[in-house]
Amino acid sequence: MPEWLKDAVFYEIYPQSFYDSNGDGIGDLQGIIARLDYVKSLGCNAIWLNPIYDSPMKDAGYDVRDYKKVAARYGTNEDARALFEACHKKGIHVLMDLVPGHTSDEHPWFRASQKAESNAYSDRYVWTEGAFQGIADHLYVAGASERDACYMLNFFVFQPALNYGWGKVTEPWQKRWDDPSCIATREAMKDIMRFWLDMGCDGFRCDMADSLVKNDEDDDKIHVSMIWKNIRQMLDEEYPETALVSEWSNPRQAVTNGGFHMDFYLDHWNNGYNTLLRDYEPHPDDDRSYFRKDGGGDINRFLDDYLPKYYSSRKDGYISFLTCNHDTPRATRTLSTDELKLAYAFFLTMPGVPFIYYGDEIGMRYQKLKSKEGGYQRTGSRTPMQWDHSRNDGFSAAEKDMLYLPVDESAGAPAVSDEVNVKGTLLETVKELTALRHRYEDLQADALFRPLYAKKGEPFVYERGNMVLAVYPDSETRTVETAEIKGKKAVYSIGQVSLDDDRLKMEGPSFVVLI
Ligand code: NOJ
C-alpha cells in the first residue's frame with residue numbers, strides 16, 4: 001500500500017473545464033499547472049485527471065483513439081510530463097484515467113480488427129462468428145465491418161469492447177478468460193500504464209473496472225478480479241508507490257479480490273451513498289437525503305449498506321467517498337450550502353480516501369444544458385470552473401461562443417474570489433476540514449470507524465480511532481448521552497454544539513469533532 005494514500009485527499013479535475021491557459025475556450029494542461037497552488041490551498045494533495053488522450057471526443061475522451069498521445073486540445077505529451085513534475089514539486093500525486101474496457105471505434109486496433117483478413121488485432125475485441133450472429137443479453141453492432149462478424153459494445157455505440165474473454169463460456173466464439181488473446185489485451189494495458197508511469201504519473205483511476213470479463217457474474221466476478229490482481233502485482237514489483245482506484249463500487253470484489261487500493265462508493269440508486277445526498281428519485285422535489293435539513297432521512301439506510309462493505313475490505317484497501325463526479329448531478333441540485341457543509345464534514349472524516357469534485361468546494365450549481373460530447377444529463381455537472389466574476393468567470397479569455405460549455409451566469413452563482421479567505425464560506429469550511437484531517441491521524445484513511453449512536457431523527461455519533469464525531473442535519477435541538485464522549489473536548493465544530501459530561505447537545509444542523 002503506497003504510504004501517501006493514508007493522508008491523501010483527492011481533487012478531481014475535468015480538464016476541459018478547469019482553466020484555459022491559451023484562450024481557445026477549453027481548459028488545458030498548462031491551465032492546470034497554473035492553478036496548482038489553488039488545488040494545494042484546498043488541502044488536496046492528489047489529483048484525479050479525467051481522460052486526456054487523443055480521442056474523437058464523442059464521450060468526452062472515454063473513447064480513446066491513441067492511449068499514448070495527449071489530445072491536442074489539452075496540449076502535448078511534454079505538457080503532461082510538465083504537469084507531473086509541477087505537481088510533484090508541490091507534493092501532489094496525479095492519477096490519470098485509464099479506460100481499459102473499450103476504445104473509440106477510430107482506434108487503429110479496432111480498424112485492424114474490423115478487417116476480413118486475420119491479423120494481430122483480430123482478437124483484440126469481442127467478435128461473434130457471423131454478421132447475423134448477435135450476442136444474447138449484450139449490446140452489439142452488426143453490419144458495420146468488412147469482417148463477417150458482429151462486435152460487442154461496452155458502453156456507447158462507438159465504444160467496442162476490448163477482449164478479456166468470458167467467465168462462463170456458452171458460445172463457441174467466446175474466448176475463455178485465460179485465452180492467449182485475452183492475456184494479450186491485458187498486457188497491452190500494462191504497456192500503456194508503464195508508458196505514463198515512466199513519464200511521471202502516480203497511478204490510475206480505472207474506468208468501468210468491473211466490465212472487462214463478460215459473463216463473470218456467476219463467479220462473483222473472480223476472473224475480472226484476477227486481471228486486476230495481476231496488474232497490481234506488476235505495479236508492486238515495478239512501481240510500488242503507484243495507486244489504483246476502481247470505478248466498481250463493490251470493495252470486496254475490487255479491493256479484496258482485485259487488489260485495487262481504493263474503490264469508489266458510486267451514486268447507485270438506493271445504495272448507502274445515494275441515501276446521503278441524492279435520495280430523490282423520481283423527482284428532485286422529493287428529496288429525502290440524509291443531509292437534507294429536516295428531510296426525514298435515516299443514517300441507518302447508509303450504515304446498512306456501508307458497514308458490510310467497509311468490514312469486508314478495510315484490511316485490504318479503501319472505500320472512496322466522492323462529493324460528486326463528472327457523471328453525477330452536483331449535490332447543489334437539492335442541497336443548500338449549509339447542508340453541504342455537513343455532508344463534506346462527514347465525507348472528510350470517514351475512513352478511506354476522499355475525493356472532491358472540482359467546483360464542489362465553492363458550491364457550483366448543476367446546470368440544465370444541451371448534451372455535449374455524450375454527456376447528456378451529465379453535461380450539467382461539467383461546466384467551467386468559476387474563478388471570479390470577470391469575463392467568462394475567469395475561466396477563459398475566449399469569446400463566449402467559443403467556450404467548451406457556458407459558464408454559470410445565473411444570479412448568485414458562486415466564485416472562488418467571493419469565498420476565499422471569507423470565514424464561514426463553503427470553500428473555507430472545506431479547507432478547515434482537510435486541515436483537520438491532515439492534523440489528526442485518527443481522521444485519515446486507516447483509523448477504525450465505529451458507529452456509537454444511530455437513530456432516525458437523532459444526531460449520528462461515530463468513532464474514528466480515539467476520536468468521537470457527531471453530525472446532525474435537523475433543526476430541532478437534540479441531546480444524546482454516550483459514555484464514549486466523557487472527558488472529551490471539541491476541537492472543531494459547525495453550528496451550535498455543547499458538551500456536558502457524557503451529554504452532547506446539538507441545537508440545529510451541526511457537526512462536531514471531539515478529542
Ligand atoms: C464511466 C465514466 O465515468 C463515464 O464518464 C464514461 O462515459 C463511461 N464510463 C464510459 O467510459
# chains A, B, ... in the order shown; residues from 1 in each chain; ligands from 1
call {"tool": "select_by_dssp", "arguments": {"residues": "stretch 230-427 of chain A", "states": "strand (DSSP E or B)", "output": "PDB file with all heavy atoms, in the first residue's frame"}}
result
ATOM      1  N   ALA A 243      -0.800   4.054  -7.329  1.00  0.00           N
ATOM      2  CA  ALA A 243      -2.102   3.709  -6.753  1.00  0.00           C
ATOM      3  C   ALA A 243      -3.146   3.489  -7.840  1.00  0.00           C
ATOM      4  O   ALA A 243      -3.106   4.106  -8.905  1.00  0.00           O
ATOM      5  CB  ALA A 243      -2.549   4.829  -5.815  1.00  0.00           C
ATOM      6  N   LEU A 244      -4.092   2.614  -7.516  1.00  0.00           N
ATOM      7  CA  LEU A 244      -5.194   2.332  -8.429  1.00  0.00           C
ATOM      8  C   LEU A 244      -6.519   2.545  -7.709  1.00  0.00           C
ATOM      9  O   LEU A 244      -6.704   2.071  -6.588  1.00  0.00           O
ATOM     10  CB  LEU A 244      -5.171   0.866  -8.868  1.00  0.00           C
ATOM     11  CG  LEU A 244      -4.048   0.350  -9.752  1.00  0.00           C
ATOM     12  CD1 LEU A 244      -4.264  -1.136 -10.035  1.00  0.00           C
ATOM     13  CD2 LEU A 244      -4.002   1.129 -11.068  1.00  0.00           C
ATOM     14  N   VAL A 245      -7.435   3.235  -8.357  1.00  0.00           N
ATOM     15  CA  VAL A 245      -8.794   3.350  -7.809  1.00  0.00           C
ATOM     16  C   VAL A 245      -9.769   2.864  -8.873  1.00  0.00           C
ATOM     17  O   VAL A 245      -9.620   3.170 -10.054  1.00  0.00           O
ATOM     18  CB  VAL A 245      -9.117   4.791  -7.334  1.00  0.00           C
ATOM     19  CG1 VAL A 245      -8.927   5.830  -8.428  1.00  0.00           C
ATOM     20  CG2 VAL A 245     -10.540   4.884  -6.777  1.00  0.00           C
ATOM     21  N   SER A 246     -10.748   2.099  -8.433  1.00  0.00           N
ATOM     22  CA  SER A 246     -11.660   1.474  -9.396  1.00  0.00           C
ATOM     23  C   SER A 246     -13.023   2.133  -9.435  1.00  0.00           C
ATOM     24  O   SER A 246     -13.570   2.516  -8.394  1.00  0.00           O
ATOM     25  CB  SER A 246     -11.856   0.003  -9.042  1.00  0.00           C
ATOM     26  OG  SER A 246     -12.153  -0.141  -7.669  1.00  0.00           O
ATOM     27  N   MET A 262      -8.119   1.423  -3.811  1.00  0.00           N
ATOM     28  CA  MET A 262      -9.342   2.147  -3.435  1.00  0.00           C
ATOM     29  C   MET A 262     -10.452   1.768  -4.407  1.00  0.00           C
ATOM     30  O   MET A 262     -10.182   1.459  -5.567  1.00  0.00           O
ATOM     31  CB  MET A 262      -9.148   3.663  -3.569  1.00  0.00           C
ATOM     32  CG  MET A 262      -7.924   4.230  -2.903  1.00  0.00           C
ATOM     33  SD  MET A 262      -7.593   5.942  -3.476  1.00  0.00           S
ATOM     34  CE  MET A 262      -6.376   5.668  -4.742  1.00  0.00           C
ATOM     35  N   ASP A 263     -11.689   1.843  -3.906  1.00  0.00           N
ATOM     36  CA  ASP A 263     -12.844   1.619  -4.773  1.00  0.00           C
ATOM     37  C   ASP A 263     -13.852   2.736  -4.505  1.00  0.00           C
ATOM     38  O   ASP A 263     -14.155   3.041  -3.349  1.00  0.00           O
ATOM     39  CB  ASP A 263     -13.481   0.249  -4.469  1.00  0.00           C
ATOM     40  CG  ASP A 263     -14.660  -0.061  -5.390  1.00  0.00           C
ATOM     41  OD1 ASP A 263     -14.632   0.339  -6.568  1.00  0.00           O
ATOM     42  OD2 ASP A 263     -15.622  -0.714  -4.914  1.00  0.00           O
ATOM     43  N   PHE A 264     -14.357   3.348  -5.569  1.00  0.00           N
ATOM     44  CA  PHE A 264     -15.335   4.425  -5.397  1.00  0.00           C
ATOM     45  C   PHE A 264     -16.668   3.894  -4.870  1.00  0.00           C
ATOM     46  O   PHE A 264     -17.170   2.861  -5.332  1.00  0.00           O
ATOM     47  CB  PHE A 264     -15.628   5.109  -6.738  1.00  0.00           C
ATOM     48  CG  PHE A 264     -14.553   6.033  -7.196  1.00  0.00           C
ATOM     49  CD1 PHE A 264     -14.093   5.975  -8.501  1.00  0.00           C
ATOM     50  CD2 PHE A 264     -14.009   6.984  -6.348  1.00  0.00           C
ATOM     51  CE1 PHE A 264     -13.098   6.827  -8.949  1.00  0.00           C
ATOM     52  CE2 PHE A 264     -13.021   7.852  -6.787  1.00  0.00           C
ATOM     53  CZ  PHE A 264     -12.563   7.772  -8.088  1.00  0.00           C
ATOM     54  N   TYR A 318      -9.189   0.730   0.555  1.00  0.00           N
ATOM     55  CA  TYR A 318     -10.061   1.819   0.981  1.00  0.00           C
ATOM     56  C   TYR A 318     -11.324   1.977   0.133  1.00  0.00           C
ATOM     57  O   TYR A 318     -11.310   1.742  -1.074  1.00  0.00           O
ATOM     58  CB  TYR A 318      -9.288   3.131   0.907  1.00  0.00           C
ATOM     59  CG  TYR A 318      -8.016   3.126   1.712  1.00  0.00           C
ATOM     60  CD1 TYR A 318      -6.786   3.402   1.117  1.00  0.00           C
ATOM     61  CD2 TYR A 318      -8.042   2.839   3.068  1.00  0.00           C
ATOM     62  CE1 TYR A 318      -5.610   3.403   1.859  1.00  0.00           C
ATOM     63  CE2 TYR A 318      -6.870   2.830   3.825  1.00  0.00           C
ATOM     64  CZ  TYR A 318      -5.656   3.115   3.215  1.00  0.00           C
ATOM     65  OH  TYR A 318      -4.508   3.109   3.955  1.00  0.00           O
ATOM     66  N   ILE A 319     -12.348   2.464   0.787  1.00  0.00           N
ATOM     67  CA  ILE A 319     -13.549   2.912   0.081  1.00  0.00           C
ATOM     68  C   ILE A 319     -13.393   4.419  -0.106  1.00  0.00           C
ATOM     69  O   ILE A 319     -12.979   5.116   0.819  1.00  0.00           O
ATOM     70  CB  ILE A 319     -14.811   2.597   0.911  1.00  0.00           C
ATOM     71  CG1 ILE A 319     -15.009   1.075   0.973  1.00  0.00           C
ATOM     72  CG2 ILE A 319     -16.036   3.303   0.339  1.00  0.00           C
ATOM     73  CD1 ILE A 319     -16.148   0.628   1.857  1.00  0.00           C
ATOM     74  N   SER A 320     -13.703   4.903  -1.296  1.00  0.00           N
ATOM     75  CA  SER A 320     -13.558   6.338  -1.549  1.00  0.00           C
ATOM     76  C   SER A 320     -14.906   7.025  -1.666  1.00  0.00           C
ATOM     77  O   SER A 320     -15.701   6.706  -2.552  1.00  0.00           O
ATOM     78  CB  SER A 320     -12.757   6.558  -2.837  1.00  0.00           C
ATOM     79  OG  SER A 320     -11.382   6.415  -2.561  1.00  0.00           O
ATOM     80  N   LEU A 322     -17.035  10.362  -2.584  1.00  0.00           N
ATOM     81  CA  LEU A 322     -16.878  11.493  -3.514  1.00  0.00           C
ATOM     82  C   LEU A 322     -17.928  12.553  -3.187  1.00  0.00           C
ATOM     83  O   LEU A 322     -19.064  12.202  -2.843  1.00  0.00           O
ATOM     84  CB  LEU A 322     -17.142  11.063  -4.956  1.00  0.00           C
ATOM     85  CG  LEU A 322     -16.551   9.790  -5.525  1.00  0.00           C
ATOM     86  CD1 LEU A 322     -17.570   8.669  -5.499  1.00  0.00           C
ATOM     87  CD2 LEU A 322     -16.157  10.040  -6.963  1.00  0.00           C
ATOM     88  N   PHE A 355     -12.589  12.087  -2.216  1.00  0.00           N
ATOM     89  CA  PHE A 355     -12.411  12.815  -3.479  1.00  0.00           C
ATOM     90  C   PHE A 355     -13.356  14.005  -3.524  1.00  0.00           C
ATOM     91  O   PHE A 355     -14.556  13.861  -3.284  1.00  0.00           O
ATOM     92  CB  PHE A 355     -12.731  11.903  -4.674  1.00  0.00           C
ATOM     93  CG  PHE A 355     -11.652  10.922  -5.027  1.00  0.00           C
ATOM     94  CD1 PHE A 355     -11.306   9.897  -4.155  1.00  0.00           C
ATOM     95  CD2 PHE A 355     -10.984  11.013  -6.243  1.00  0.00           C
ATOM     96  CE1 PHE A 355     -10.310   8.979  -4.481  1.00  0.00           C
ATOM     97  CE2 PHE A 355      -9.992  10.108  -6.584  1.00  0.00           C
ATOM     98  CZ  PHE A 355      -9.649   9.085  -5.708  1.00  0.00           C
ATOM     99  N   ILE A 356     -12.802  15.169  -3.870  1.00  0.00           N
ATOM    100  CA  ILE A 356     -13.616  16.382  -4.042  1.00  0.00           C
ATOM    101  C   ILE A 356     -13.677  16.677  -5.539  1.00  0.00           C
ATOM    102  O   ILE A 356     -12.635  16.716  -6.202  1.00  0.00           O
ATOM    103  CB  ILE A 356     -12.979  17.575  -3.296  1.00  0.00           C
ATOM    104  CG1 ILE A 356     -12.919  17.285  -1.794  1.00  0.00           C
ATOM    105  CG2 ILE A 356     -13.751  18.871  -3.573  1.00  0.00           C
ATOM    106  CD1 ILE A 356     -12.105  18.304  -0.983  1.00  0.00           C
ATOM    107  N   TYR A 357     -14.860  16.864  -6.069  1.00  0.00           N
ATOM    108  CA  TYR A 357     -15.017  17.169  -7.489  1.00  0.00           C
ATOM    109  C   TYR A 357     -14.838  18.670  -7.697  1.00  0.00           C
ATOM    110  O   TYR A 357     -15.429  19.464  -6.944  1.00  0.00           O
ATOM    111  CB  TYR A 357     -16.412  16.722  -7.940  1.00  0.00           C
ATOM    112  CG  TYR A 357     -16.703  16.886  -9.415  1.00  0.00           C
ATOM    113  CD1 TYR A 357     -15.817  16.404 -10.376  1.00  0.00           C
ATOM    114  CD2 TYR A 357     -17.872  17.493  -9.846  1.00  0.00           C
ATOM    115  CE1 TYR A 357     -16.101  16.541 -11.733  1.00  0.00           C
ATOM    116  CE2 TYR A 357     -18.170  17.627 -11.201  1.00  0.00           C
ATOM    117  CZ  TYR A 357     -17.275  17.153 -12.137  1.00  0.00           C
ATOM    118  OH  TYR A 357     -17.544  17.279 -13.472  1.00  0.00           O
TER     119      TYR A 357
END
call {"tool": "residues_near_ligand", "arguments": {"ligand": "ligand 1", "cutoff": "12 Å", "atoms": "only C-alpha atoms and all ligand atoms", "output": "ChimeraX atom specification"}}
result
/A:12,14,48-51,57-64,97-104,153-161,205-212,246-248,264,266-267,324-328,372-379,381-382
call {"tool": "residues_around", "arguments": {"residues": "A:Asp446", "least_positions_apart": "5", "cutoff": "8 Å", "atoms": "only C-alpha atoms", "output": "count of residues only"}}
result
3
call {"tool": "residues_around", "arguments": {"residues": "stretch 341-348 of chain A", "least_positions_apart": "4", "cutoff": "10 Å", "atoms": "only C-alpha atoms", "output": "compact mmCIF listing (two decimals) with C-alpha atoms, in the first residue's frame"}}
result
# COMPACT_ATOMS: atom_id res chain seq x y z
CA VAL A 9 -7.32 13.99 -0.26
CA LEU A 276 -26.89 10.66 1.81
CA LEU A 277 -27.03 13.25 -0.97
CA TYR A 290 -29.91 12.24 4.95
CA PHE A 291 -28.12 15.59 4.69
CA ARG A 292 -31.28 17.46 3.71
CA SER A 320 -13.56 6.34 -1.55
CA PHE A 321 -16.32 8.83 -0.86
CA LEU A 322 -16.88 11.49 -3.51
CA THR A 323 -18.57 14.85 -3.20
CA ALA A 331 -25.37 17.91 -4.90
CA LEU A 335 -28.88 20.74 -1.07
CA SER A 336 -28.04 24.19 0.31
CA THR A 337 -24.57 25.40 1.20
CA GLY A 352 -10.72 5.59 3.16
CA VAL A 353 -9.60 8.19 0.69
CA PRO A 354 -11.96 11.08 -0.12
CA PHE A 355 -12.41 12.82 -3.48
CA ILE A 356 -13.62 16.38 -4.04
CA ASP A 360 -17.89 21.45 -5.30
CA GLU A 361 -15.75 23.31 -2.80
CA GLY A 363 -20.90 25.03 -4.32
CA GLY A 424 -17.92 30.67 7.06
CA THR A 425 -17.96 30.11 3.29
CA LEU A 426 -18.13 26.60 1.90
CA LEU A 427 -14.64 26.99 0.49
CA THR A 429 -15.06 25.12 5.55
CA VAL A 430 -13.58 22.62 3.12
CA GLU A 432 -10.71 23.70 7.64
CA LEU A 433 -11.89 20.12 7.25
CA THR A 434 -8.95 18.99 5.11
CA LEU A 436 -8.19 18.86 10.42
CA ARG A 437 -7.83 15.57 8.57
CA LEU A 443 -9.32 11.17 10.83
CA GLN A 444 -7.28 9.72 7.98
CA ALA A 445 -7.69 6.61 5.87
CA LEU A 469 -17.61 12.79 15.99
CA ALA A 470 -21.26 13.70 15.61
CA VAL A 471 -23.29 15.03 12.75
CA TYR A 472 -26.90 16.21 12.85
CA PRO A 473 -28.79 17.66 9.88
CA SER A 493 -17.49 22.30 15.19
CA ILE A 494 -20.03 23.65 12.76
CA GLY A 495 -23.29 25.06 14.17
CA PRO A 509 -27.82 21.37 11.97
CA SER A 510 -24.34 20.82 13.35
CA PHE A 511 -21.16 18.79 13.38
CA VAL A 512 -18.50 18.28 15.99
CA VAL A 513 -15.14 16.57 16.39
call {"tool": "closest_residue", "arguments": {"among": "A:Cys182, A:Ile227, A:Leu340, A:Ile47", "to": "A:Phe204", "atoms": "only C-alpha atoms"}}
result
A:Ile47
call {"tool": "residues_around", "arguments": {"residues": "A:Ser113", "least_positions_apart": "3", "cutoff": "6 Å", "atoms": "only C-alpha atoms", "output": "list in words"}}
result
Phe110, Tyr121 and Ser122 of chain A
call {"tool": "write_last_selection", "arguments": {"atoms": "C-alpha atoms", "output": "PDB file, in the first residue's frame"}}
result
ATOM      1  CA  PHE A 110     -10.196  -1.573 -33.893  1.00  0.00           C
ATOM      2  CA  TYR A 121      -5.630  -7.356 -33.750  1.00  0.00           C
ATOM      3  CA  SER A 122      -8.401  -9.696 -34.937  1.00  0.00           C
TER       4      SER A 122
END
call {"tool": "select_by_dssp", "arguments": {"residues": "stretch 38-84 of chain A", "states": "alpha helix (DSSP H)", "output": "VMD selection string"}}
result
chain A and resid 38 to 41 77 to 84
call {"tool": "write_last_selection", "arguments": {"atoms": "N, CA, C and O atoms", "output": "compact mmCIF listing (two decimals), in the first residue's frame"}}
result
# COMPACT_ATOMS: atom_id res chain seq x y z
N TYR A 38 -3.83 26.74 -6.14
CA TYR A 38 -5.21 26.72 -5.65
C TYR A 38 -5.56 25.32 -5.13
O TYR A 38 -6.12 25.18 -4.03
N VAL A 39 -5.22 24.30 -5.93
CA VAL A 39 -5.52 22.91 -5.52
C VAL A 39 -4.87 22.63 -4.16
O VAL A 39 -5.49 22.09 -3.24
N LYS A 40 -3.64 23.05 -4.07
CA LYS A 40 -2.88 22.86 -2.83
C LYS A 40 -3.55 23.61 -1.66
O LYS A 40 -3.62 23.10 -0.54
N SER A 41 -4.03 24.81 -1.94
CA SER A 41 -4.64 25.62 -0.87
C SER A 41 -5.90 24.96 -0.31
O SER A 41 -6.32 25.24 0.81
N ASN A 77 2.31 15.69 -25.01
CA ASN A 77 2.86 14.78 -24.00
C ASN A 77 3.86 15.51 -23.11
O ASN A 77 3.98 15.22 -21.92
N GLU A 78 4.57 16.48 -23.69
CA GLU A 78 5.52 17.24 -22.88
C GLU A 78 4.78 18.05 -21.81
O GLU A 78 5.29 18.23 -20.70
N ASP A 79 3.60 18.54 -22.14
CA ASP A 79 2.81 19.25 -21.12
C ASP A 79 2.39 18.30 -20.00
O ASP A 79 2.34 18.70 -18.83
N ALA A 80 2.09 17.06 -20.38
CA ALA A 80 1.70 16.09 -19.34
C ALA A 80 2.90 15.85 -18.42
O ALA A 80 2.76 15.86 -17.19
N ARG A 81 4.06 15.69 -19.03
CA ARG A 81 5.26 15.49 -18.22
C ARG A 81 5.48 16.70 -17.30
O ARG A 81 5.78 16.55 -16.11
N ALA A 82 5.29 17.88 -17.86
CA ALA A 82 5.48 19.11 -17.07
C ALA A 82 4.45 19.17 -15.93
O ALA A 82 4.78 19.60 -14.81
N LEU A 83 3.25 18.71 -16.20
CA LEU A 83 2.22 18.71 -15.15
C LEU A 83 2.64 17.76 -14.01
O LEU A 83 2.57 18.14 -12.83
N PHE A 84 3.10 16.56 -14.37
CA PHE A 84 3.51 15.61 -13.31
C PHE A 84 4.64 16.22 -12.49
O PHE A 84 4.64 16.14 -11.26
